[in-house]
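I have placed the structure first, in the form of structure tokens, so that the comments after it can refer back to it.
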2 protein chains.
Amino acid sequence: MFSKTCEYAIRAVIFIARESKDGRRVGVREIAQGIGSPVYFIAKILQELSKKGIIQSLKGPTGGFYMDGQSLDYTLADIVVAIDGDKLLTGCALGLNECSEKRPCPLHFEFRHIRKELHALLARTKLSELQDKFDASIFYLGSK
Amino acid sequence: MFSKTCEYAIRAVIFIARESKDGRRVGVREIAQGIGSPVYFIAKILQELSKKGIIQSLKGPTGGFYMDGQSLDYTLADIVVAIDGDKLLTGCALGLNECSEKRPCPLHFEFRHIRKELHALLARTKLSELQDKFDASIFYLGSK
DNA sequence: AAAATAAAAGAGTTTTTTGTCTTTTATTAA
DNA sequence: TTAATAAAAGACAAAAAACTCTTTTATTTT
């Protein structure tokens, strides 16, 4: 469904959002540890997300990644689109470029509904929301 | 969502199903042309599907790929699982191996429903059904 | 000001996916 | 039974995705 890069990205952003709640900034190592991902790989991904303004960062001692109030309004859809593009949300299930309402593939109408639901789910889920969810102890992100 | 291989596979199988309706067998070239895919690549995929019994084939002149009555009972889910495995249908949206009802990731319950719908859609859609749909002219599979 | 810390940037490598080509085997038609 | 046809099998090649490492730049603490 999502690329591995995107899976890591979502997990990392949820992790950062949670830490940001207490005003903490977190380093790459801590994040990688927290979500069970390769350190260098997640570093690259975070760089990208930072450049796109989805997360914030500060260099130097006491530096690290964090999210400000505004950024917590970003949704899962924003992250997915930033990393994987919008193919999943808008593209044809069979990979046909010219697939459309007028010239649909055999699965077009069947998938339209499910794709809409997926999009809605991703678009309505804000990071601020997940911040709380992850807070509720039960949930985990890969730390083991 | 699906791998490119899987997209081609679904398109090819629908194409073959449609041709099989008139008792025709179709060659690799014709299929590749019909669904707009690389010839050699679809050949490999068809080989795999044939080995797994989802489609049938015959060598030599007048040979080619086809589907018998039984095979038309296969569903989209069967094809997807045969090519991409069941990760899409059963795996965690965030790629976490230990994600479960008892130890869910932050998106577990949100995605459970949508995944179920996707699975249901794929599992109830038989090739025999698509055979008819594709027949109804409006639909296309990539032939341009 | 110097040393330490941590992200940014850039340049790789490895693995997987996608795509290509050639040889072999089975089947049919002449 | 020979020639033609078409899939099966196997071996490559290219591109993309996943992952690693080193150097540079910014920031802070001593």
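Chain lettering (A, B, ...) mirrors the order of the structure tokens, residue numbering begins at 1 for each chain separately, and ligand numbering begins at 1 in order of display.
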
Least-squares align chain B to chain A using all Cα atoms paired by position, then dump the moved coordinates as a short mmCIF file (atom, residue, chain, number, x, y, z; two decimals) with N, CA and C atoms, in the first residue's frame.
```cif
data_model
loop_
_atom_site.label_atom_id
_atom_site.label_comp_id
_atom_site.auth_asym_id
_atom_site.auth_seq_id
_atom_site.Cartn_x
_atom_site.Cartn_y
_atom_site.Cartn_z
N MET B 1 0.82 -1.23 -0.03
CA MET B 1 -0.01 -0.01 0.01
C MET B 1 0.88 1.24 0.02
N PHE B 2 1.59 1.45 1.13
CA PHE B 2 2.58 2.53 1.17
C PHE B 2 3.96 1.96 0.89
N SER B 3 4.86 2.81 0.40
CA SER B 3 6.25 2.38 0.28
C SER B 3 6.85 2.27 1.68
N LYS B 4 7.94 1.52 1.75
CA LYS B 4 8.61 1.36 3.04
C LYS B 4 9.02 2.74 3.58
N THR B 5 9.54 3.56 2.70
CA THR B 5 9.91 4.92 3.07
C THR B 5 8.75 5.65 3.72
N CYS B 6 7.58 5.48 3.14
CA CYS B 6 6.39 6.17 3.65
C CYS B 6 5.96 5.60 4.99
N GLU B 7 6.06 4.30 5.14
CA GLU B 7 5.72 3.68 6.42
C GLU B 7 6.61 4.24 7.53
N TYR B 8 7.90 4.27 7.26
CA TYR B 8 8.84 4.84 8.24
C TYR B 8 8.48 6.29 8.53
N ALA B 9 8.18 7.03 7.48
CA ALA B 9 7.87 8.45 7.62
C ALA B 9 6.69 8.67 8.55
N ILE B 10 5.63 7.92 8.33
CA ILE B 10 4.44 8.07 9.17
C ILE B 10 4.77 7.73 10.61
N ARG B 11 5.45 6.61 10.80
CA ARG B 11 5.79 6.20 12.15
C ARG B 11 6.65 7.26 12.83
N ALA B 12 7.62 7.78 12.10
CA ALA B 12 8.52 8.78 12.68
C ALA B 12 7.77 10.05 13.05
N VAL B 13 6.90 10.47 12.18
CA VAL B 13 6.19 11.73 12.44
C VAL B 13 5.27 11.59 13.65
N ILE B 14 4.62 10.42 13.77
CA ILE B 14 3.80 10.20 14.96
C ILE B 14 4.67 10.23 16.21
N PHE B 15 5.83 9.61 16.10
CA PHE B 15 6.76 9.58 17.24
C PHE B 15 7.19 10.99 17.63
N ILE B 16 7.56 11.77 16.63
CA ILE B 16 8.00 13.15 16.88
C ILE B 16 6.86 13.98 17.46
N ALA B 17 5.68 13.80 16.91
CA ALA B 17 4.51 14.55 17.39
C ALA B 17 4.30 14.29 18.88
N ARG B 18 4.42 13.01 19.22
CA ARG B 18 4.21 12.64 20.61
C ARG B 18 5.23 13.32 21.53
N GLU B 19 6.47 13.31 21.12
CA GLU B 19 7.52 13.92 21.94
C GLU B 19 7.36 15.44 22.00
N SER B 20 6.88 16.00 20.92
CA SER B 20 6.71 17.44 20.85
C SER B 20 5.67 17.94 21.83
N LYS B 21 4.81 17.04 22.22
CA LYS B 21 3.75 17.41 23.15
C LYS B 21 4.34 17.97 24.44
N ASP B 22 5.46 17.38 24.86
CA ASP B 22 6.14 17.84 26.06
C ASP B 22 7.22 18.85 25.72
N GLY B 23 7.17 19.37 24.50
CA GLY B 23 8.15 20.36 24.11
C GLY B 23 9.54 19.83 23.87
N ARG B 24 9.64 18.48 23.79
CA ARG B 24 10.94 17.87 23.59
C ARG B 24 11.33 17.83 22.11
N ARG B 25 12.63 17.97 21.86
CA ARG B 25 13.15 17.72 20.53
C ARG B 25 13.85 16.37 20.56
N VAL B 26 13.73 15.61 19.47
CA VAL B 26 14.33 14.28 19.46
C VAL B 26 15.32 14.12 18.32
N GLY B 27 16.42 13.45 18.64
CA GLY B 27 17.46 13.21 17.64
C GLY B 27 17.15 11.99 16.78
N VAL B 28 17.91 11.88 15.68
CA VAL B 28 17.69 10.80 14.72
C VAL B 28 17.82 9.43 15.38
N ARG B 29 18.87 9.28 16.19
CA ARG B 29 19.09 7.99 16.84
C ARG B 29 17.89 7.57 17.68
N GLU B 30 17.41 8.53 18.46
CA GLU B 30 16.29 8.24 19.35
C GLU B 30 15.04 7.85 18.55
N ILE B 31 14.84 8.54 17.43
CA ILE B 31 13.67 8.25 16.59
C ILE B 31 13.79 6.86 15.98
N ALA B 32 14.96 6.58 15.43
CA ALA B 32 15.18 5.27 14.80
C ALA B 32 14.94 4.16 15.81
N GLN B 33 15.42 4.38 17.01
CA GLN B 33 15.24 3.43 18.10
C GLN B 33 13.76 3.29 18.44
N GLY B 34 13.09 4.41 18.49
CA GLY B 34 11.69 4.43 18.89
C GLY B 34 10.75 3.76 17.90
N ILE B 35 11.11 3.81 16.63
CA ILE B 35 10.20 3.22 15.63
C ILE B 35 10.79 1.98 14.97
N GLY B 36 11.99 1.57 15.39
CA GLY B 36 12.58 0.36 14.83
C GLY B 36 12.94 0.49 13.36
N SER B 37 13.66 1.54 13.02
CA SER B 37 14.07 1.74 11.63
C SER B 37 15.57 1.94 11.54
N PRO B 38 16.16 1.75 10.35
CA PRO B 38 17.59 2.03 10.17
C PRO B 38 17.86 3.51 10.42
N VAL B 39 18.91 3.81 11.15
CA VAL B 39 19.20 5.18 11.55
C VAL B 39 19.43 6.09 10.34
N TYR B 40 20.35 5.68 9.47
CA TYR B 40 20.71 6.56 8.36
C TYR B 40 19.54 6.77 7.40
N PHE B 41 18.75 5.72 7.30
CA PHE B 41 17.64 5.79 6.35
C PHE B 41 16.58 6.77 6.82
N ILE B 42 16.22 6.67 8.08
CA ILE B 42 15.19 7.58 8.61
C ILE B 42 15.72 9.02 8.60
N ALA B 43 17.03 9.15 8.76
CA ALA B 43 17.64 10.48 8.72
C ALA B 43 17.34 11.17 7.39
N LYS B 44 17.53 10.42 6.32
CA LYS B 44 17.27 10.95 4.98
C LYS B 44 15.80 11.36 4.83
N ILE B 45 14.93 10.51 5.32
CA ILE B 45 13.50 10.76 5.18
C ILE B 45 13.10 12.01 5.96
N LEU B 46 13.65 12.14 7.15
CA LEU B 46 13.33 13.29 8.00
C LEU B 46 13.82 14.58 7.35
N GLN B 47 14.97 14.49 6.72
CA GLN B 47 15.52 15.62 5.98
C GLN B 47 14.50 16.13 4.97
N GLU B 48 13.93 15.17 4.25
CA GLU B 48 12.95 15.49 3.22
C GLU B 48 11.69 16.13 3.82
N LEU B 49 11.21 15.53 4.88
CA LEU B 49 10.00 16.04 5.53
C LEU B 49 10.24 17.43 6.10
N SER B 50 11.46 17.63 6.59
CA SER B 50 11.83 18.92 7.15
C SER B 50 11.85 19.98 6.05
N LYS B 51 12.43 19.61 4.92
CA LYS B 51 12.53 20.53 3.79
C LYS B 51 11.14 20.95 3.31
N LYS B 52 10.20 20.02 3.43
CA LYS B 52 8.84 20.30 2.98
C LYS B 52 7.98 20.97 4.05
N GLY B 53 8.60 21.20 5.21
CA GLY B 53 7.90 21.94 6.25
C GLY B 53 6.93 21.13 7.09
N ILE B 54 6.93 19.82 6.92
CA ILE B 54 5.99 19.01 7.68
C ILE B 54 6.47 18.81 9.11
N ILE B 55 7.80 18.76 9.26
CA ILE B 55 8.35 18.75 10.61
C ILE B 55 9.38 19.88 10.70
N GLN B 56 9.80 20.19 11.92
CA GLN B 56 10.81 21.22 12.11
C GLN B 56 12.08 20.57 12.68
N SER B 57 13.20 21.29 12.52
CA SER B 57 14.44 20.76 13.07
C SER B 57 15.35 21.89 13.52
N LEU B 58 16.26 21.53 14.41
CA LEU B 58 17.26 22.48 14.88
C LEU B 58 18.59 21.75 15.02
N LYS B 59 19.65 22.36 14.52
CA LYS B 59 20.95 21.73 14.61
C LYS B 59 21.60 21.96 15.98
N GLY B 60 22.71 21.29 16.17
CA GLY B 60 23.50 21.51 17.37
C GLY B 60 22.97 20.86 18.62
N PRO B 61 23.71 21.02 19.72
CA PRO B 61 23.33 20.44 21.01
C PRO B 61 21.94 20.93 21.41
N THR B 62 21.19 20.05 22.02
CA THR B 62 19.78 20.28 22.37
C THR B 62 18.91 20.40 21.13
N GLY B 63 19.54 20.19 19.97
CA GLY B 63 18.77 20.23 18.73
C GLY B 63 18.06 18.92 18.48
N GLY B 64 17.43 18.84 17.31
CA GLY B 64 16.70 17.62 16.96
C GLY B 64 15.45 17.96 16.17
N PHE B 65 14.57 16.99 16.04
CA PHE B 65 13.34 17.21 15.28
C PHE B 65 12.16 17.45 16.21
N TYR B 66 11.25 18.27 15.75
CA TYR B 66 10.05 18.55 16.54
C TYR B 66 8.95 19.05 15.61
N MET B 67 7.79 19.27 16.18
CA MET B 67 6.69 19.81 15.38
C MET B 67 6.07 20.97 16.12
N ASP B 68 5.89 22.08 15.43
CA ASP B 68 5.24 23.23 16.06
C ASP B 68 3.72 23.10 15.91
N GLY B 69 3.02 24.01 16.55
CA GLY B 69 1.56 23.94 16.57
C GLY B 69 0.95 23.81 15.18
N GLN B 70 1.42 24.62 14.27
CA GLN B 70 0.92 24.59 12.90
C GLN B 70 1.07 23.21 12.26
N SER B 71 2.25 22.65 12.43
CA SER B 71 2.56 21.38 11.78
C SER B 71 1.67 20.25 12.26
N LEU B 72 1.20 20.39 13.47
CA LEU B 72 0.33 19.35 14.02
C LEU B 72 -1.01 19.30 13.31
N ASP B 73 -1.27 20.30 12.48
CA ASP B 73 -2.49 20.29 11.67
C ASP B 73 -2.33 19.48 10.40
N TYR B 74 -1.11 19.11 10.09
CA TYR B 74 -0.90 18.27 8.90
C TYR B 74 -1.59 16.91 9.11
N THR B 75 -1.99 16.32 8.02
CA THR B 75 -2.69 15.04 8.09
C THR B 75 -1.83 13.92 7.53
N LEU B 76 -2.29 12.71 7.72
CA LEU B 76 -1.60 11.56 7.14
C LEU B 76 -1.53 11.68 5.62
N ALA B 77 -2.57 12.23 5.04
CA ALA B 77 -2.58 12.40 3.58
C ALA B 77 -1.42 13.29 3.15
N ASP B 78 -1.13 14.32 3.93
CA ASP B 78 -0.02 15.22 3.59
C ASP B 78 1.31 14.46 3.57
N ILE B 79 1.50 13.61 4.54
CA ILE B 79 2.74 12.84 4.61
C ILE B 79 2.83 11.86 3.45
N VAL B 80 1.75 11.14 3.23
CA VAL B 80 1.73 10.15 2.14
C VAL B 80 2.03 10.83 0.81
N VAL B 81 1.36 11.94 0.55
CA VAL B 81 1.57 12.64 -0.72
C VAL B 81 3.00 13.17 -0.81
N ALA B 82 3.52 13.68 0.29
CA ALA B 82 4.88 14.21 0.31
C ALA B 82 5.90 13.13 -0.05
N ILE B 83 5.67 11.91 0.38
CA ILE B 83 6.64 10.84 0.16
C ILE B 83 6.32 10.00 -1.08
N ASP B 84 5.09 9.53 -1.19
CA ASP B 84 4.73 8.62 -2.28
C ASP B 84 4.01 9.29 -3.44
N GLY B 85 3.73 10.57 -3.31
CA GLY B 85 2.93 11.22 -4.35
C GLY B 85 1.47 10.83 -4.21
N ASP B 86 0.64 11.26 -5.16
CA ASP B 86 -0.80 11.02 -5.00
C ASP B 86 -1.31 9.85 -5.85
N LYS B 87 -0.41 9.04 -6.35
CA LYS B 87 -0.81 7.91 -7.19
C LYS B 87 -1.81 7.02 -6.45
N LEU B 88 -1.52 6.73 -5.21
CA LEU B 88 -2.39 5.85 -4.44
C LEU B 88 -3.79 6.44 -4.29
N LEU B 89 -3.84 7.76 -4.14
CA LEU B 89 -5.12 8.41 -3.86
C LEU B 89 -5.92 8.73 -5.11
N THR B 90 -5.23 8.94 -6.22
CA THR B 90 -5.97 9.38 -7.41
C THR B 90 -5.79 8.48 -8.63
N GLY B 91 -4.72 7.67 -8.64
CA GLY B 91 -4.42 6.86 -9.82
C GLY B 91 -5.35 5.67 -10.01
N CYS B 92 -5.27 5.07 -11.18
CA CYS B 92 -6.07 3.89 -11.52
C CYS B 92 -5.50 2.66 -10.80
N ALA B 93 -6.40 1.81 -10.34
CA ALA B 93 -5.97 0.61 -9.61
C ALA B 93 -5.15 -0.32 -10.50
N LEU B 94 -5.42 -0.27 -11.80
CA LEU B 94 -4.70 -1.14 -12.73
C LEU B 94 -3.54 -0.42 -13.42
N GLY B 95 -3.25 0.81 -12.97
CA GLY B 95 -2.10 1.54 -13.48
C GLY B 95 -2.29 2.15 -14.86
N LEU B 96 -3.53 2.32 -15.26
CA LEU B 96 -3.80 2.89 -16.58
C LEU B 96 -3.90 4.40 -16.52
N ASN B 97 -3.10 5.08 -17.32
CA ASN B 97 -3.05 6.54 -17.27
C ASN B 97 -4.35 7.19 -17.74
N GLU B 98 -4.90 6.60 -18.78
CA GLU B 98 -6.09 7.24 -19.38
C GLU B 98 -7.40 6.77 -18.75
N CYS B 99 -7.29 6.03 -17.66
CA CYS B 99 -8.51 5.56 -17.00
C CYS B 99 -9.27 6.76 -16.42
N SER B 100 -10.57 6.85 -16.71
CA SER B 100 -11.38 7.97 -16.25
C SER B 100 -12.84 7.55 -16.19
N GLU B 101 -13.65 8.45 -15.71
CA GLU B 101 -15.07 8.15 -15.62
C GLU B 101 -15.65 7.81 -16.98
N LYS B 102 -15.15 8.52 -18.00
CA LYS B 102 -15.69 8.30 -19.35
C LYS B 102 -15.09 7.06 -20.00
N ARG B 103 -13.85 6.79 -19.65
CA ARG B 103 -13.17 5.63 -20.25
C ARG B 103 -12.58 4.79 -19.13
N PRO B 104 -13.44 4.15 -18.39
CA PRO B 104 -12.99 3.45 -17.17
C PRO B 104 -12.39 2.08 -17.46
N CYS B 105 -11.50 1.65 -16.59
CA CYS B 105 -11.04 0.28 -16.63
C CYS B 105 -12.12 -0.59 -15.98
N PRO B 106 -12.03 -1.89 -16.13
CA PRO B 106 -13.09 -2.76 -15.62
C PRO B 106 -13.29 -2.69 -14.10
N LEU B 107 -12.33 -2.12 -13.41
CA LEU B 107 -12.46 -2.05 -11.94
C LEU B 107 -12.73 -0.63 -11.44
N HIS B 108 -12.83 0.29 -12.36
CA HIS B 108 -12.91 1.71 -12.01
C HIS B 108 -13.99 2.02 -10.96
N PHE B 109 -15.19 1.61 -11.23
CA PHE B 109 -16.29 1.98 -10.34
C PHE B 109 -16.28 1.20 -9.04
N GLU B 110 -15.78 0.00 -9.10
CA GLU B 110 -15.64 -0.78 -7.88
C GLU B 110 -14.62 -0.14 -6.94
N PHE B 111 -13.56 0.39 -7.50
CA PHE B 111 -12.48 0.93 -6.66
C PHE B 111 -12.71 2.38 -6.25
N ARG B 112 -13.52 3.07 -6.99
CA ARG B 112 -13.74 4.49 -6.72
C ARG B 112 -14.13 4.70 -5.26
N HIS B 113 -15.07 3.91 -4.83
CA HIS B 113 -15.59 4.03 -3.47
C HIS B 113 -14.52 3.77 -2.41
N ILE B 114 -13.79 2.70 -2.60
CA ILE B 114 -12.81 2.32 -1.59
C ILE B 114 -11.66 3.33 -1.54
N ARG B 115 -11.31 3.84 -2.71
CA ARG B 115 -10.25 4.83 -2.77
C ARG B 115 -10.67 6.11 -2.05
N LYS B 116 -11.94 6.45 -2.24
CA LYS B 116 -12.48 7.65 -1.61
C LYS B 116 -12.42 7.51 -0.09
N GLU B 117 -12.78 6.34 0.38
CA GLU B 117 -12.75 6.11 1.83
C GLU B 117 -11.33 6.21 2.37
N LEU B 118 -10.41 5.61 1.64
CA LEU B 118 -9.01 5.66 2.04
C LEU B 118 -8.53 7.11 2.11
N HIS B 119 -8.86 7.85 1.08
CA HIS B 119 -8.45 9.25 1.03
C HIS B 119 -9.05 10.03 2.21
N ALA B 120 -10.34 9.81 2.44
CA ALA B 120 -11.03 10.50 3.52
C ALA B 120 -10.37 10.19 4.86
N LEU B 121 -10.07 8.92 5.05
CA LEU B 121 -9.43 8.49 6.30
C LEU B 121 -8.09 9.21 6.50
N LEU B 122 -7.28 9.21 5.46
CA LEU B 122 -5.97 9.84 5.56
C LEU B 122 -6.08 11.35 5.73
N ALA B 123 -7.06 11.94 5.07
CA ALA B 123 -7.18 13.39 5.05
C ALA B 123 -7.78 13.95 6.34
N ARG B 124 -8.52 13.14 7.05
CA ARG B 124 -9.15 13.65 8.27
C ARG B 124 -8.31 13.36 9.50
N THR B 125 -7.28 12.53 9.35
CA THR B 125 -6.47 12.16 10.51
C THR B 125 -5.29 13.11 10.68
N LYS B 126 -5.44 14.03 11.61
CA LYS B 126 -4.38 15.00 11.87
C LYS B 126 -3.36 14.42 12.84
N LEU B 127 -2.17 14.96 12.76
CA LEU B 127 -1.11 14.53 13.67
C LEU B 127 -1.46 14.82 15.11
N SER B 128 -2.13 15.94 15.33
CA SER B 128 -2.52 16.31 16.70
C SER B 128 -3.37 15.20 17.32
N GLU B 129 -4.19 14.60 16.49
CA GLU B 129 -5.05 13.51 16.93
C GLU B 129 -4.23 12.27 17.30
N LEU B 130 -3.33 11.91 16.42
CA LEU B 130 -2.51 10.72 16.64
C LEU B 130 -1.61 10.89 17.85
N GLN B 131 -1.21 12.12 18.07
CA GLN B 131 -0.41 12.48 19.23
C GLN B 131 -1.04 11.91 20.49
N ASP B 132 -2.33 12.12 20.60
CA ASP B 132 -3.06 11.64 21.77
C ASP B 132 -3.18 10.11 21.75
N LYS B 133 -3.48 9.57 20.61
CA LYS B 133 -3.66 8.12 20.50
C LYS B 133 -2.41 7.37 20.94
N PHE B 134 -1.29 7.80 20.43
CA PHE B 134 -0.05 7.13 20.74
C PHE B 134 0.26 7.28 22.22
N ASP B 135 -0.23 8.37 22.75
CA ASP B 135 -0.04 8.65 24.16
C ASP B 135 -0.69 7.57 25.02
N ALA B 136 -1.78 7.03 24.52
CA ALA B 136 -2.55 6.09 25.32
C ALA B 136 -1.92 4.71 25.40
N SER B 137 -0.64 4.70 25.62
CA SER B 137 0.16 3.51 25.96
C SER B 137 -0.04 2.24 25.14
N ILE B 138 -1.26 1.86 24.89
CA ILE B 138 -1.52 0.59 24.24
C ILE B 138 -0.81 0.48 22.88
N PHE B 139 -0.75 1.60 22.19
CA PHE B 139 -0.26 1.57 20.83
C PHE B 139 1.26 1.51 20.75
N TYR B 140 1.73 0.89 19.69
CA TYR B 140 3.18 0.85 19.54
C TYR B 140 3.59 1.16 18.10
N LEU B 141 4.86 1.48 17.95
CA LEU B 141 5.34 1.98 16.66
C LEU B 141 6.52 1.19 16.11
N GLY B 142 6.92 0.15 16.83
CA GLY B 142 8.00 -0.66 16.29
C GLY B 142 9.22 -0.74 17.19
N SER B 143 9.15 -0.16 18.37
CA SER B 143 10.32 -0.11 19.24
C SER B 143 10.64 -1.48 19.86
N LYS B 144 9.74 -2.43 19.67
CA LYS B 144 9.85 -3.79 20.25
C LYS B 144 9.23 -3.84 21.63
#
```

#### Entry: Neighbour list for C:DA11 as a PyMOL selection string, cut-off 12 Å, only C-alpha atoms (C1' of nucleotides), skip fewer than 6 positions in-chain
chain D and resi 20-23

Please save N, CA and C atoms (P, O5', C5', C4', C3', O3' and C1' of nucleotides) of the selected residues as a CSV table (one decimal), in the first residue's frame.
```csv
chain,number,residue,atom,x,y,z
D,20,DT,P,21.2,0.2,6.6
D,20,DT,O5',22.4,0.9,5.9
D,20,DT,C5',23.4,0.2,5.1
D,20,DT,C4',24.6,1.0,4.8
D,20,DT,C3',25.2,1.6,6.1
D,20,DT,O3',26.6,1.2,6.1
D,20,DT,C1',25.0,3.2,4.3
D,21,DC,P,27.5,1.5,7.4
D,21,DC,O5',28.3,2.8,6.9
D,21,DC,C5',29.0,2.7,5.6
D,21,DC,C4',29.5,4.1,5.2
D,21,DC,C3',30.2,4.9,6.3
D,21,DC,O3',31.5,5.1,5.9
D,21,DC,C1',28.7,6.3,5.1
D,22,DT,P,32.5,5.9,7.0
D,22,DT,O5',32.6,7.3,6.3
D,22,DT,C5',32.8,7.4,4.9
D,22,DT,C4',32.9,8.9,4.4
D,22,DT,C3',33.6,9.8,5.4
D,22,DT,O3',34.4,10.7,4.6
D,22,DT,C1',31.4,10.6,5.1
D,23,DT,P,35.4,11.7,5.3
D,23,DT,O5',34.7,13.1,5.0
D,23,DT,C5',34.3,13.4,3.6
D,23,DT,C4',33.4,14.6,3.6
D,23,DT,C3',34.0,15.9,4.3
D,23,DT,O3',33.9,17.0,3.5
D,23,DT,C1',31.8,15.5,5.0
```

### Task
Step one, run DSSP on the backbone; step two, keep only residues of chain A assigned to strand (DSSP E or B); then write them as a list in words.
Val26, Gln56, Ser57, Leu58, Gly64, Phe65, Tyr66, Thr75 and Lys126 of chain A

### Task
Do me a favour and pick out the residues of chain D within 6 Å of chain A, using only C-alpha atoms (C1' of nucleotides), as number ranges by chain.
D: 19, 26-28

Based on the selection just made, write N, CA and C atoms (P, O5', C5', C4', C3', O3' and C1' of nucleotides) of those residues as a CSV table (one decimal), in the first residue's frame.
```
chain,number,residue,atom,x,y,z
D,19,DC,P,15.0,-0.8,4.0
D,19,DC,O5',16.5,-0.3,4.2
D,19,DC,C5',17.6,-1.2,3.6
D,19,DC,C4',18.9,-0.4,3.6
D,19,DC,C3',19.3,0.3,4.9
D,19,DC,O3',20.4,-0.4,5.4
D,19,DC,C1',19.9,1.5,2.9
D,26,DA,P,25.6,27.3,7.5
D,26,DA,O5',24.9,27.0,8.9
D,26,DA,C5',23.7,26.4,8.9
D,26,DA,C4',23.4,25.9,10.3
D,26,DA,C3',23.3,27.0,11.4
D,26,DA,O3',22.1,26.9,12.0
D,26,DA,C1',24.7,25.3,12.1
D,27,DT,P,21.5,28.1,13.0
D,27,DT,O5',21.9,27.6,14.4
D,27,DT,C5',21.3,26.4,14.9
D,27,DT,C4',22.1,26.0,16.2
D,27,DT,C3',22.2,27.0,17.3
D,27,DT,O3',21.3,26.6,18.3
D,27,DT,C1',24.1,25.7,17.1
D,28,DT,P,21.0,27.6,19.6
D,28,DT,O5',21.9,26.9,20.7
D,28,DT,C5',21.8,25.4,20.9
D,28,DT,C4',23.0,25.0,21.7
D,28,DT,C3',23.2,25.8,23.0
D,28,DT,O3',23.3,24.9,24.0
D,28,DT,C1',25.2,25.5,21.8
```

### Task
Starting from chain C, keep only residues with some atom at most 10 Å from an atom of chain B, counting only C-alpha atoms (C1' of nucleotides), and report them as a list in words.
DT17, DT18, DG19, DT20, DC21, DT25, DA26, DT27, DT28 and DA29 of chain C

Next, write the just-selected residues to a file, as a compact mmCIF listing (two decimals), in the first residue's frame, keeping N, CA and C atoms (P, O5', C5', C4', C3', O3' and C1' of nucleotides) as the atom set.
```
# COMPACT_ATOMS: atom_id res chain seq x y z
P DT C 17 10.50 -7.00 -4.52
O5' DT C 17 10.29 -6.18 -5.87
C5' DT C 17 10.30 -4.75 -5.83
C4' DT C 17 10.35 -4.20 -7.24
C3' DT C 17 9.36 -4.85 -8.21
O3' DT C 17 8.59 -3.79 -8.74
C1' DT C 17 11.53 -4.73 -9.18
P DT C 18 7.40 -4.06 -9.80
O5' DT C 18 8.15 -3.87 -11.20
C5' DT C 18 8.79 -2.62 -11.47
C4' DT C 18 9.57 -2.71 -12.77
C3' DT C 18 8.77 -3.27 -13.96
O3' DT C 18 8.79 -2.26 -14.96
C1' DT C 18 10.93 -4.24 -13.84
P DG C 19 7.99 -2.45 -16.35
O5' DG C 19 9.09 -3.10 -17.31
C5' DG C 19 10.27 -2.36 -17.58
C4' DG C 19 11.25 -3.24 -18.32
C3' DG C 19 10.68 -3.94 -19.57
O3' DG C 19 11.40 -3.47 -20.69
C1' DG C 19 12.06 -5.39 -18.29
P DT C 20 11.12 -4.08 -22.14
O5' DT C 20 12.34 -5.09 -22.30
C5' DT C 20 13.67 -4.62 -22.20
C4' DT C 20 14.65 -5.71 -22.59
C3' DT C 20 14.35 -6.42 -23.91
O3' DT C 20 15.48 -6.24 -24.75
C1' DT C 20 14.83 -8.00 -22.21
P DC C 21 15.41 -6.69 -26.31
O5' DC C 21 16.09 -8.12 -26.29
C5' DC C 21 17.38 -8.26 -25.67
C4' DC C 21 17.71 -9.74 -25.54
C3' DC C 21 17.44 -10.55 -26.81
O3' DC C 21 18.69 -11.03 -27.29
C1' DC C 21 16.74 -11.68 -24.84
P DT C 25 15.33 -29.34 -23.89
O5' DT C 25 13.73 -29.26 -23.96
C5' DT C 25 13.01 -28.73 -22.84
C4' DT C 25 11.55 -28.61 -23.22
C3' DT C 25 10.94 -29.88 -23.81
O3' DT C 25 9.74 -30.14 -23.13
C1' DT C 25 10.47 -28.02 -25.17
P DA C 26 8.97 -31.56 -23.34
O5' DA C 26 7.62 -31.10 -24.04
C5' DA C 26 6.78 -30.19 -23.36
C4' DA C 26 5.80 -29.61 -24.35
C3' DA C 26 4.92 -30.66 -25.04
O3' DA C 26 3.58 -30.24 -24.85
C1' DA C 26 5.86 -29.18 -26.63
P DT C 27 2.36 -31.25 -25.18
O5' DT C 27 1.89 -30.73 -26.61
C5' DT C 27 1.42 -29.39 -26.71
C4' DT C 27 1.27 -29.04 -28.17
C3' DT C 27 0.46 -30.05 -28.98
O3' DT C 27 -0.74 -29.41 -29.35
C1' DT C 27 2.33 -29.22 -30.18
P DT C 28 -1.94 -30.22 -30.05
O5' DT C 28 -1.82 -29.68 -31.54
C5' DT C 28 -1.75 -28.27 -31.76
C4' DT C 28 -1.24 -28.01 -33.15
C3' DT C 28 -2.01 -28.76 -34.25
O3' DT C 28 -2.57 -27.78 -35.10
C1' DT C 28 0.34 -28.87 -34.59
P DA C 29 -3.68 -28.17 -36.19
O5' DA C 29 -2.88 -27.90 -37.54
C5' DA C 29 -2.09 -26.70 -37.66
C4' DA C 29 -1.22 -26.81 -38.89
C3' DA C 29 -1.91 -27.45 -40.10
O3' DA C 29 -1.45 -26.77 -41.27
C1' DA C 29 -0.01 -28.71 -39.56
```

### Query
Using the chain letters and numbers from this document, which residues of stretch 29-70 of chain A does DSSP assign to alpha helix (DSSP H), as a PyMOL selection string?
chain A and resi 29-35+39-51

### Query
In Å to one decimal, how far is atom C1' of C:DG12 from atom C1' of D:DA16?
15.7 Å

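Taking atom C1' of C:DT24 and atom C1' of D:DA9 as the two end points, the separation is 7.3 Å.
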
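The space between atom C1' of C:DT22 and atom C1' of D:DA7 spans 14.1 Å.
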